[in-house]
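J.: So here's protein.csv (CSV, C-alpha atoms).
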chain,number,residue,atom,x,y,z
B,1499,ASP,CA,133.7,-1.9,-76.9
B,1500,TRP,CA,133.2,1.2,-78.9
B,1501,ASN,CA,134.5,-0.5,-82.0
B,1502,ASP,CA,131.7,-3.0,-82.0
B,1503,PRO,CA,129.6,-2.1,-85.0
B,1504,ASP,CA,126.4,-3.3,-83.3
B,1505,ILE,CA,126.9,-0.9,-80.4
B,1506,GLN,CA,127.6,2.0,-82.8
B,1507,GLN,CA,124.5,1.3,-84.9
B,1508,GLU,CA,122.4,1.1,-81.7
B,1509,LEU,CA,123.7,4.5,-80.6
B,1510,LEU,CA,123.3,6.1,-84.0
B,1511,ALA,CA,119.7,4.8,-84.2
B,1512,ASN,CA,118.8,6.8,-81.1
B,1513,VAL,CA,120.2,10.1,-82.3
B,1514,PRO,CA,117.3,11.2,-84.6
B,1515,GLY,CA,114.8,10.6,-81.9
B,1516,MET,CA,116.8,12.5,-79.3
B,1517,PHE,CA,117.2,15.5,-81.6
B,1518,MET,CA,113.4,15.6,-82.0
B,1519,LYS,CA,112.9,15.5,-78.3
B,1520,MET,CA,115.4,18.3,-77.8
B,1521,ALA,CA,113.8,20.4,-80.5
B,1522,THR,CA,110.4,20.0,-79.0
B,1523,THR,CA,111.6,20.9,-75.5
B,1524,TYR,CA,113.4,24.0,-76.8
B,1525,ALA,CA,110.4,25.1,-78.8
B,1526,ILE,CA,108.1,24.8,-75.7
B,1527,ILE,CA,110.6,26.7,-73.5
B,1528,GLN,CA,111.0,29.5,-76.1
B,1529,PHE,CA,107.2,29.8,-76.5
B,1530,ILE,CA,106.7,30.1,-72.8
B,1531,GLY,CA,109.6,32.7,-72.5
B,1532,ALA,CA,108.2,34.8,-75.4
B,1533,SER,CA,104.7,34.7,-73.9
B,1534,LEU,CA,106.0,36.1,-70.6
B,1535,MET,CA,107.8,39.1,-72.3
B,1536,CYS,CA,106.3,42.5,-71.5
B,1537,SER,CA,107.0,46.1,-72.0
B,1538,PRO,CA,109.7,47.8,-69.8
B,1539,PRO,CA,108.6,50.1,-67.0
B,1540,SER,CA,108.2,53.9,-67.6
B,1541,SER,CA,111.2,56.1,-67.4
B,1542,GLU,CA,110.3,57.2,-63.9
B,1543,ASP,CA,110.1,53.6,-62.7
B,1544,SER,CA,113.3,52.7,-64.5
B,1545,THR,CA,115.2,55.5,-62.7
B,1546,ALA,CA,113.9,54.4,-59.3
B,1547,ALA,CA,114.7,50.8,-60.1
B,1548,ALA,CA,118.2,51.7,-61.2
B,1549,SER,CA,118.9,53.7,-58.1
B,1550,GLU,CA,117.7,50.8,-55.9
B,1551,THR,CA,119.8,48.3,-57.9
B,1552,THR,CA,122.9,50.5,-57.5
B,1553,ALA,CA,122.4,50.6,-53.8
B,1554,LEU,CA,122.1,46.9,-53.6
B,1555,LEU,CA,125.2,46.4,-55.7
B,1556,LYS,CA,127.3,48.4,-53.2
B,1557,LYS,CA,129.3,49.5,-56.3
B,1558,PRO,CA,128.9,53.0,-57.8
B,1559,SER,CA,127.3,52.7,-61.1
B,1560,SER,CA,128.8,54.8,-63.8
B,1561,ALA,CA,126.7,57.9,-64.6
B,1562,LYS,CA,128.3,57.8,-68.0
B,1563,GLN,CA,126.7,55.5,-70.6
B,1564,TYR,CA,129.6,54.1,-72.5
B,1565,THR,CA,129.5,53.4,-76.2
B,1566,VAL,CA,131.4,50.4,-77.5
B,1567,GLY,CA,134.3,52.6,-78.6
B,1568,GLU,CA,134.6,54.3,-75.2
B,1569,MET,CA,134.4,51.0,-73.4
B,1570,LEU,CA,137.2,49.4,-75.5
B,1571,SER,CA,139.5,52.2,-74.3
B,1572,THR,CA,139.1,51.4,-70.6
B,1573,SER,CA,141.2,49.0,-68.5
B,1574,ALA,CA,138.0,47.6,-66.9
B,1575,TYR,CA,136.9,46.2,-70.2
B,1576,TRP,CA,140.2,44.4,-70.9
B,1577,LEU,CA,140.3,43.0,-67.3
B,1578,LEU,CA,136.8,41.6,-67.8
B,1579,VAL,CA,137.8,40.1,-71.1
B,1580,VAL,CA,140.8,38.3,-69.6
B,1581,ASN,CA,138.7,37.1,-66.7
B,1582,PHE,CA,136.0,35.8,-69.0
B,1583,PHE,CA,138.6,34.2,-71.3
B,1584,CYS,CA,140.2,32.3,-68.4
B,1585,ASN,CA,136.8,31.3,-66.8
B,1586,THR,CA,135.7,29.9,-70.2
B,1587,GLN,CA,138.3,27.2,-70.0
B,1588,ALA,CA,136.4,25.9,-67.0
B,1589,VAL,CA,133.3,25.8,-69.1
B,1590,PHE,CA,135.1,23.8,-71.8
B,1591,PHE,CA,136.8,21.3,-69.5
B,1592,GLY,CA,133.8,21.0,-67.2
B,1593,ALA,CA,131.0,20.7,-69.8
B,1594,SER,CA,132.7,19.3,-72.9
B,1595,LEU,CA,135.4,17.0,-71.4
B,1596,SER,CA,133.7,15.8,-68.2
B,1597,LYS,CA,133.4,12.2,-69.4
B,1598,THR,CA,136.9,12.1,-70.9
B,1599,ILE,CA,138.4,13.5,-67.8
B,1600,ALA,CA,136.6,10.9,-65.7
B,1601,ALA,CA,137.9,8.1,-67.9
B,1602,HIS,CA,141.4,9.1,-66.9
B,1603,ILE,CA,140.9,10.0,-63.3
B,1604,ILE,CA,138.6,7.0,-62.3
B,1605,PRO,CA,139.2,4.4,-65.0
B,1606,GLY,CA,136.9,1.4,-64.7
B,1607,SER,CA,135.0,2.7,-61.7
B,1608,ALA,CA,132.0,4.0,-63.6
B,1609,THR,CA,130.1,3.0,-66.7
B,1610,ASP,CA,129.4,5.3,-69.5
B,1611,ALA,CA,125.7,5.5,-68.4
B,1612,THR,CA,126.8,6.5,-64.9
B,1613,LEU,CA,129.0,9.3,-66.3
B,1614,THR,CA,126.2,10.5,-68.5
B,1615,HIS,CA,123.9,10.7,-65.5
B,1616,ILE,CA,126.6,12.7,-63.6
B,1617,ALA,CA,126.9,15.1,-66.4
B,1618,ALA,CA,123.1,15.5,-66.6
B,1619,ILE,CA,122.9,16.3,-62.9
B,1620,SER,CA,125.7,18.8,-63.2
B,1621,SER,CA,123.7,20.8,-65.7
B,1622,LEU,CA,121.1,21.3,-63.0
B,1623,PHE,CA,123.9,22.8,-60.7
B,1624,ASN,CA,124.9,25.0,-63.7
B,1625,ALA,CA,121.3,26.4,-63.8
B,1626,CYS,CA,121.2,26.9,-60.0
B,1627,GLY,CA,124.6,28.6,-60.0
B,1628,ARG,CA,123.2,31.3,-62.3
B,1629,LEU,CA,120.5,32.1,-59.7
B,1630,VAL,CA,122.7,31.9,-56.6
B,1631,TRP,CA,125.7,33.8,-58.0
B,1632,GLY,CA,123.4,36.4,-59.4
B,1633,ILE,CA,121.9,37.0,-56.0
B,1634,LEU,CA,125.3,37.1,-54.4
B,1635,GLY,CA,126.4,39.6,-57.1
B,1636,ASP,CA,123.4,41.8,-56.3
B,1637,ILE,CA,124.2,41.7,-52.5
B,1638,TYR,CA,128.0,41.9,-52.4
B,1639,GLY,CA,128.9,43.3,-55.8
B,1640,PHE,CA,130.7,41.9,-58.8
B,1641,PRO,CA,134.3,42.0,-57.4
B,1642,CYS,CA,133.6,40.1,-54.2
B,1643,ALA,CA,131.3,37.5,-55.9
B,1644,MET,CA,133.7,36.9,-58.8
B,1645,LEU,CA,136.7,36.6,-56.4
B,1646,CYS,CA,134.8,33.9,-54.5
B,1647,LEU,CA,133.7,32.1,-57.7
B,1648,CYS,CA,137.2,32.0,-59.1
B,1649,GLY,CA,138.7,30.8,-55.8
B,1650,ILE,CA,136.2,28.0,-55.4
B,1651,GLN,CA,136.4,27.0,-59.0
B,1652,ALA,CA,140.3,26.9,-58.9
B,1653,ALA,CA,140.3,24.8,-55.7
B,1654,LEU,CA,137.9,22.3,-57.3
B,1655,PHE,CA,139.9,21.9,-60.4
B,1656,PHE,CA,143.1,21.6,-58.5
B,1657,THR,CA,141.8,18.8,-56.4
B,1658,LEU,CA,139.8,17.1,-59.1
B,1659,PRO,CA,142.6,14.6,-60.0
B,1660,TYR,CA,142.3,13.3,-56.4
B,1661,CYS,CA,138.8,12.0,-56.8
B,1662,ILE,CA,138.8,8.3,-56.1
B,1663,ASP,CA,135.4,7.1,-57.4
B,1664,ALA,CA,132.3,8.2,-59.4
B,1665,PRO,CA,130.3,9.7,-56.5
B,1666,MET,CA,133.2,11.9,-55.4
B,1667,TYR,CA,133.9,12.9,-59.0
B,1668,GLY,CA,130.2,13.8,-59.4
B,1669,ILE,CA,130.3,16.1,-56.3
B,1670,TRP,CA,133.4,17.9,-57.7
B,1671,LEU,CA,131.9,18.2,-61.2
B,1672,ASN,CA,128.6,19.6,-59.7
B,1673,GLY,CA,130.7,22.2,-57.8
B,1674,ILE,CA,132.6,23.2,-60.9
B,1675,MET,CA,129.4,23.5,-63.0
B,1676,PHE,CA,127.8,25.5,-60.1
B,1677,CYS,CA,130.6,28.0,-60.5
B,1678,VAL,CA,130.4,27.9,-64.3
B,1679,GLY,CA,126.8,29.0,-64.2
B,1680,GLY,CA,127.8,32.1,-62.2
B,1681,ASN,CA,129.8,33.5,-65.1
B,1682,TYR,CA,126.6,34.1,-67.0
B,1683,SER,CA,125.1,36.1,-64.1
B,1684,LEU,CA,128.1,38.1,-63.0
B,1685,PHE,CA,129.6,39.3,-66.3
B,1686,PRO,CA,126.3,40.8,-67.6
B,1687,LEU,CA,126.0,42.5,-64.2
B,1688,ALA,CA,129.5,43.9,-64.4
B,1689,CYS,CA,128.8,45.2,-67.9
B,1690,ALA,CA,125.8,47.2,-66.7
B,1691,VAL,CA,127.5,48.5,-63.6
B,1692,TYR,CA,130.8,49.6,-65.2
B,1693,PHE,CA,129.5,50.8,-68.6
B,1694,GLY,CA,125.9,51.7,-68.1
B,1695,GLU,CA,122.6,50.2,-69.3
B,1696,ALA,CA,122.0,52.4,-72.4
B,1697,ASN,CA,124.4,50.4,-74.7
B,1698,TRP,CA,124.4,47.2,-72.6
B,1699,GLY,CA,123.5,44.9,-75.5
B,1700,ALA,CA,126.4,46.0,-77.8
B,1701,ASN,CA,128.9,46.3,-74.9
B,1702,TYR,CA,128.2,42.9,-73.5
B,1703,GLY,CA,128.5,41.4,-77.0
B,1704,PHE,CA,132.1,42.6,-77.1
B,1705,ILE,CA,132.8,41.2,-73.6
B,1706,TYR,CA,131.2,37.9,-74.7
B,1707,LEU,CA,133.7,37.7,-77.6
B,1708,ALA,CA,136.2,36.6,-74.9
B,1709,GLN,CA,134.3,33.3,-74.5
B,1710,SER,CA,134.2,32.7,-78.3
B,1711,LEU,CA,138.0,33.2,-78.6
B,1712,SER,CA,138.6,31.1,-75.5
B,1713,MET,CA,136.5,28.2,-76.9
B,1714,LEU,CA,138.4,28.4,-80.2
B,1715,LEU,CA,141.7,28.0,-78.4
B,1716,ALA,CA,140.4,25.4,-75.8
B,1717,PRO,CA,141.0,22.3,-78.0
B,1718,THR,CA,144.7,23.4,-78.5
B,1719,ILE,CA,145.1,24.1,-74.8
B,1720,SER,CA,143.5,20.8,-73.8
B,1721,GLY,CA,145.8,19.0,-76.2
B,1722,ASP,CA,148.8,20.5,-74.5
B,1723,VAL,CA,147.5,19.7,-71.1
How does the structure come out when it is put into structure tokens?

T.:
Amino acid sequence: DWNDPDIQQELLANVPGMFMKMATTYAIIQFIGASLMCSPPSSEDSTAAASETTALLKKPSSAKQYTVGEMLSTSAYWLLVVNFFCNTQAVFFGASLSKTIAAHIIPGSATDATLTHIAAISSLFNACGRLVWGILGDIYGFPCAMLCLCGIQAALFFTLPYCIDAPMYGIWLNGIMFCVGGNYSLFPLACAVYFGEANWGANYGFIYLAQSLSMLLAPTISGDV
């Protein structure tokens, strides 16, 4: 019973310690990442690497290096924004509401601890998805990889209400989060391929705004659903 004051106090008592563990873990990861940073290759090496990457992508990379203003005037930018906006709803429902959705789909068939473990495991699939979808994007190109990602993700969400127990729900959630991770590999790839690498940071920032706007609207959309 969540209204039991003893249970609430026990949960609240665990929060400070958990924040300290998370902060320590993040600090260690950031220190390792910063230590592994190095200078980029020379211009000759960069040109050769870019040519090799373009060949792997099987998609003609734009010779023009778009500025933010030029990118905003293209249809490709707005299509990517709409794509990212819609895919972000999967991020919200899959990551933020996984336990709430489970409570409605499989009521009484799983404890809160079980659902927490399922959510934790799904985060591993999220991380693996970034690697796998990034590799697929390099091999087959952004359009093909994104089409497959969206198709699989839509099928999983469409059939999610038919999950009958916690293990089945966990499998579906892992699949959804596996696709969610692919967004963070494929959209940066698309930004570099379509708009060039010179202004990639600023250009991708404007593409990423789609996720911010989608997240702001997600509570309203979820309420209507």

J.: One decimal, Å: what's the distance from atom CA of Val1579 of chain B over to atom CA of Ser1596 of chain B, could you say?

T.: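 So the answer is 24.8 Å.
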
J.: Segment 1695-1705 of chain B: which residues within 7 Å, counting only C-alpha atoms, same-chain residues fewer than 4 positions away excluded, as a ChimeraX atom specification?

T.: /B:1563-1566,1579,1686,1689-1690

J.: Between atom CA of Ile1619 of chain B and atom CA of Ser1683 of chain B, what is the distance in Å, rounded to a tenth?

T.: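 These atoms are spaced 20.0 Å apart.
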
J.: Could you check the closest approach to Leu1577 of chain B for each of B:Pro1641, B:Gly1694, B:Gly1680, B:Gly1592 and tell me which residue wins, using all atoms listed in the file?

T.: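 Closest residue, counting all atoms listed in the file: B:Pro1641.
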
J.: For segment 1600-1610 of chain B, find every residue with an atom within 9 Å (counting all atoms listed in the file), except residues of its own chain fewer than 3 positions away, and show them as a PyMOL selection string.

T.: chain B and resi 1595-1597+1613-1615+1658-1664+1667

J.: Expressed in Å to a single decimal, how great is the separation between atom CA of Gly1668 of chain B and atom CA of Leu1622 of chain B?

T.: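 Those two atoms sit 12.3 Å apart.
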
J.: Would you please work out which residue, of B:Val1630, B:Ile1599, B:Asn1581, B:Glu1568, is nearest to Leu1645 of chain B when using only C-alpha atoms?

T.: B:Asn1581

J.: Please extract segment 1611-1622 of chain B and write it out with all heavy atoms, as a PDB file, in the first residue's frame.

T.:
ATOM      1  N   ALA B1611       9.050  -4.583  -7.444  1.00  0.00           N
ATOM      2  CA  ALA B1611      10.465  -4.937  -7.576  1.00  0.00           C
ATOM      3  C   ALA B1611      10.730  -5.631  -8.909  1.00  0.00           C
ATOM      4  O   ALA B1611      11.749  -5.371  -9.568  1.00  0.00           O
ATOM      5  CB  ALA B1611      10.888  -5.846  -6.416  1.00  0.00           C
ATOM      6  N   THR B1612       9.812  -6.507  -9.316  1.00  0.00           N
ATOM      7  CA  THR B1612       9.974  -7.201 -10.603  1.00  0.00           C
ATOM      8  C   THR B1612       9.961  -6.211 -11.759  1.00  0.00           C
ATOM      9  O   THR B1612      10.787  -6.295 -12.674  1.00  0.00           O
ATOM     10  CB  THR B1612       8.849  -8.230 -10.797  1.00  0.00           C
ATOM     11  OG1 THR B1612       8.925  -9.208  -9.748  1.00  0.00           O
ATOM     12  CG2 THR B1612       8.979  -8.928 -12.143  1.00  0.00           C
ATOM     13  N   LEU B1613       9.026  -5.267 -11.717  1.00  0.00           N
ATOM     14  CA  LEU B1613       8.944  -4.267 -12.785  1.00  0.00           C
ATOM     15  C   LEU B1613      10.178  -3.372 -12.795  1.00  0.00           C
ATOM     16  O   LEU B1613      10.633  -2.940 -13.860  1.00  0.00           O
ATOM     17  CB  LEU B1613       7.678  -3.432 -12.613  1.00  0.00           C
ATOM     18  CG  LEU B1613       6.353  -4.183 -12.767  1.00  0.00           C
ATOM     19  CD1 LEU B1613       5.179  -3.244 -12.522  1.00  0.00           C
ATOM     20  CD2 LEU B1613       6.251  -4.807 -14.150  1.00  0.00           C
ATOM     21  N   THR B1614      10.725  -3.100 -11.621  1.00  0.00           N
ATOM     22  CA  THR B1614      11.959  -2.308 -11.550  1.00  0.00           C
ATOM     23  C   THR B1614      13.114  -3.050 -12.202  1.00  0.00           C
ATOM     24  O   THR B1614      13.922  -2.467 -12.938  1.00  0.00           O
ATOM     25  CB  THR B1614      12.297  -1.984 -10.091  1.00  0.00           C
ATOM     26  OG1 THR B1614      11.229  -1.231  -9.507  1.00  0.00           O
ATOM     27  CG2 THR B1614      13.583  -1.160 -10.006  1.00  0.00           C
ATOM     28  N   HIS B1615      13.203  -4.347 -11.950  1.00  0.00           N
ATOM     29  CA  HIS B1615      14.257  -5.158 -12.572  1.00  0.00           C
ATOM     30  C   HIS B1615      14.080  -5.219 -14.094  1.00  0.00           C
ATOM     31  O   HIS B1615      15.068  -5.157 -14.845  1.00  0.00           O
ATOM     32  CB  HIS B1615      14.237  -6.576 -11.990  1.00  0.00           C
ATOM     33  CG  HIS B1615      14.681  -6.630 -10.571  1.00  0.00           C
ATOM     34  ND1 HIS B1615      14.227  -7.579  -9.682  1.00  0.00           N
ATOM     35  CD2 HIS B1615      15.536  -5.841  -9.864  1.00  0.00           C
ATOM     36  CE1 HIS B1615      14.791  -7.393  -8.493  1.00  0.00           C
ATOM     37  NE2 HIS B1615      15.584  -6.339  -8.583  1.00  0.00           N
ATOM     38  N   ILE B1616      12.830  -5.325 -14.540  1.00  0.00           N
ATOM     39  CA  ILE B1616      12.569  -5.338 -15.984  1.00  0.00           C
ATOM     40  C   ILE B1616      13.023  -4.029 -16.617  1.00  0.00           C
ATOM     41  O   ILE B1616      13.664  -4.021 -17.683  1.00  0.00           O
ATOM     42  CB  ILE B1616      11.072  -5.575 -16.249  1.00  0.00           C
ATOM     43  CG1 ILE B1616      10.683  -7.009 -15.875  1.00  0.00           C
ATOM     44  CG2 ILE B1616      10.729  -5.295 -17.713  1.00  0.00           C
ATOM     45  CD1 ILE B1616       9.197  -7.287 -15.990  1.00  0.00           C
ATOM     46  N   ALA B1617      12.710  -2.920 -15.955  1.00  0.00           N
ATOM     47  CA  ALA B1617      13.126  -1.610 -16.480  1.00  0.00           C
ATOM     48  C   ALA B1617      14.639  -1.482 -16.511  1.00  0.00           C
ATOM     49  O   ALA B1617      15.216  -0.909 -17.448  1.00  0.00           O
ATOM     50  CB  ALA B1617      12.502  -0.497 -15.637  1.00  0.00           C
ATOM     51  N   ALA B1618      15.310  -2.021 -15.492  1.00  0.00           N
ATOM     52  CA  ALA B1618      16.769  -1.945 -15.441  1.00  0.00           C
ATOM     53  C   ALA B1618      17.399  -2.749 -16.578  1.00  0.00           C
ATOM     54  O   ALA B1618      18.354  -2.305 -17.232  1.00  0.00           O
ATOM     55  CB  ALA B1618      17.268  -2.452 -14.091  1.00  0.00           C
ATOM     56  N   ILE B1619      16.858  -3.943 -16.822  1.00  0.00           N
ATOM     57  CA  ILE B1619      17.375  -4.765 -17.914  1.00  0.00           C
ATOM     58  C   ILE B1619      17.140  -4.100 -19.262  1.00  0.00           C
ATOM     59  O   ILE B1619      17.995  -4.149 -20.164  1.00  0.00           O
ATOM     60  CB  ILE B1619      16.718  -6.159 -17.875  1.00  0.00           C
ATOM     61  CG1 ILE B1619      17.148  -6.914 -16.614  1.00  0.00           C
ATOM     62  CG2 ILE B1619      17.087  -6.974 -19.117  1.00  0.00           C
ATOM     63  CD1 ILE B1619      16.425  -8.224 -16.401  1.00  0.00           C
ATOM     64  N   SER B1620      15.996  -3.427 -19.408  1.00  0.00           N
ATOM     65  CA  SER B1620      15.695  -2.761 -20.680  1.00  0.00           C
ATOM     66  C   SER B1620      16.699  -1.656 -20.987  1.00  0.00           C
ATOM     67  O   SER B1620      16.943  -1.349 -22.156  1.00  0.00           O
ATOM     68  CB  SER B1620      14.275  -2.195 -20.662  1.00  0.00           C
ATOM     69  OG  SER B1620      14.167  -1.080 -19.786  1.00  0.00           O
ATOM     70  N   SER B1621      17.288  -1.065 -19.942  1.00  0.00           N
ATOM     71  CA  SER B1621      18.296  -0.022 -20.183  1.00  0.00           C
ATOM     72  C   SER B1621      19.541  -0.597 -20.844  1.00  0.00           C
ATOM     73  O   SER B1621      20.225   0.085 -21.619  1.00  0.00           O
ATOM     74  CB  SER B1621      18.667   0.663 -18.866  1.00  0.00           C
ATOM     75  OG  SER B1621      19.330  -0.235 -17.989  1.00  0.00           O
ATOM     76  N   LEU B1622      19.840  -1.871 -20.547  1.00  0.00           N
ATOM     77  CA  LEU B1622      20.961  -2.530 -21.220  1.00  0.00           C
ATOM     78  C   LEU B1622      20.668  -2.723 -22.701  1.00  0.00           C
ATOM     79  O   LEU B1622      21.554  -2.567 -23.551  1.00  0.00           O
ATOM     80  CB  LEU B1622      21.252  -3.877 -20.558  1.00  0.00           C
ATOM     81  CG  LEU B1622      21.684  -3.840 -19.091  1.00  0.00           C
ATOM     82  CD1 LEU B1622      21.875  -5.261 -18.561  1.00  0.00           C
ATOM     83  CD2 LEU B1622      22.972  -3.041 -18.927  1.00  0.00           C
TER      84      LEU B1622
END
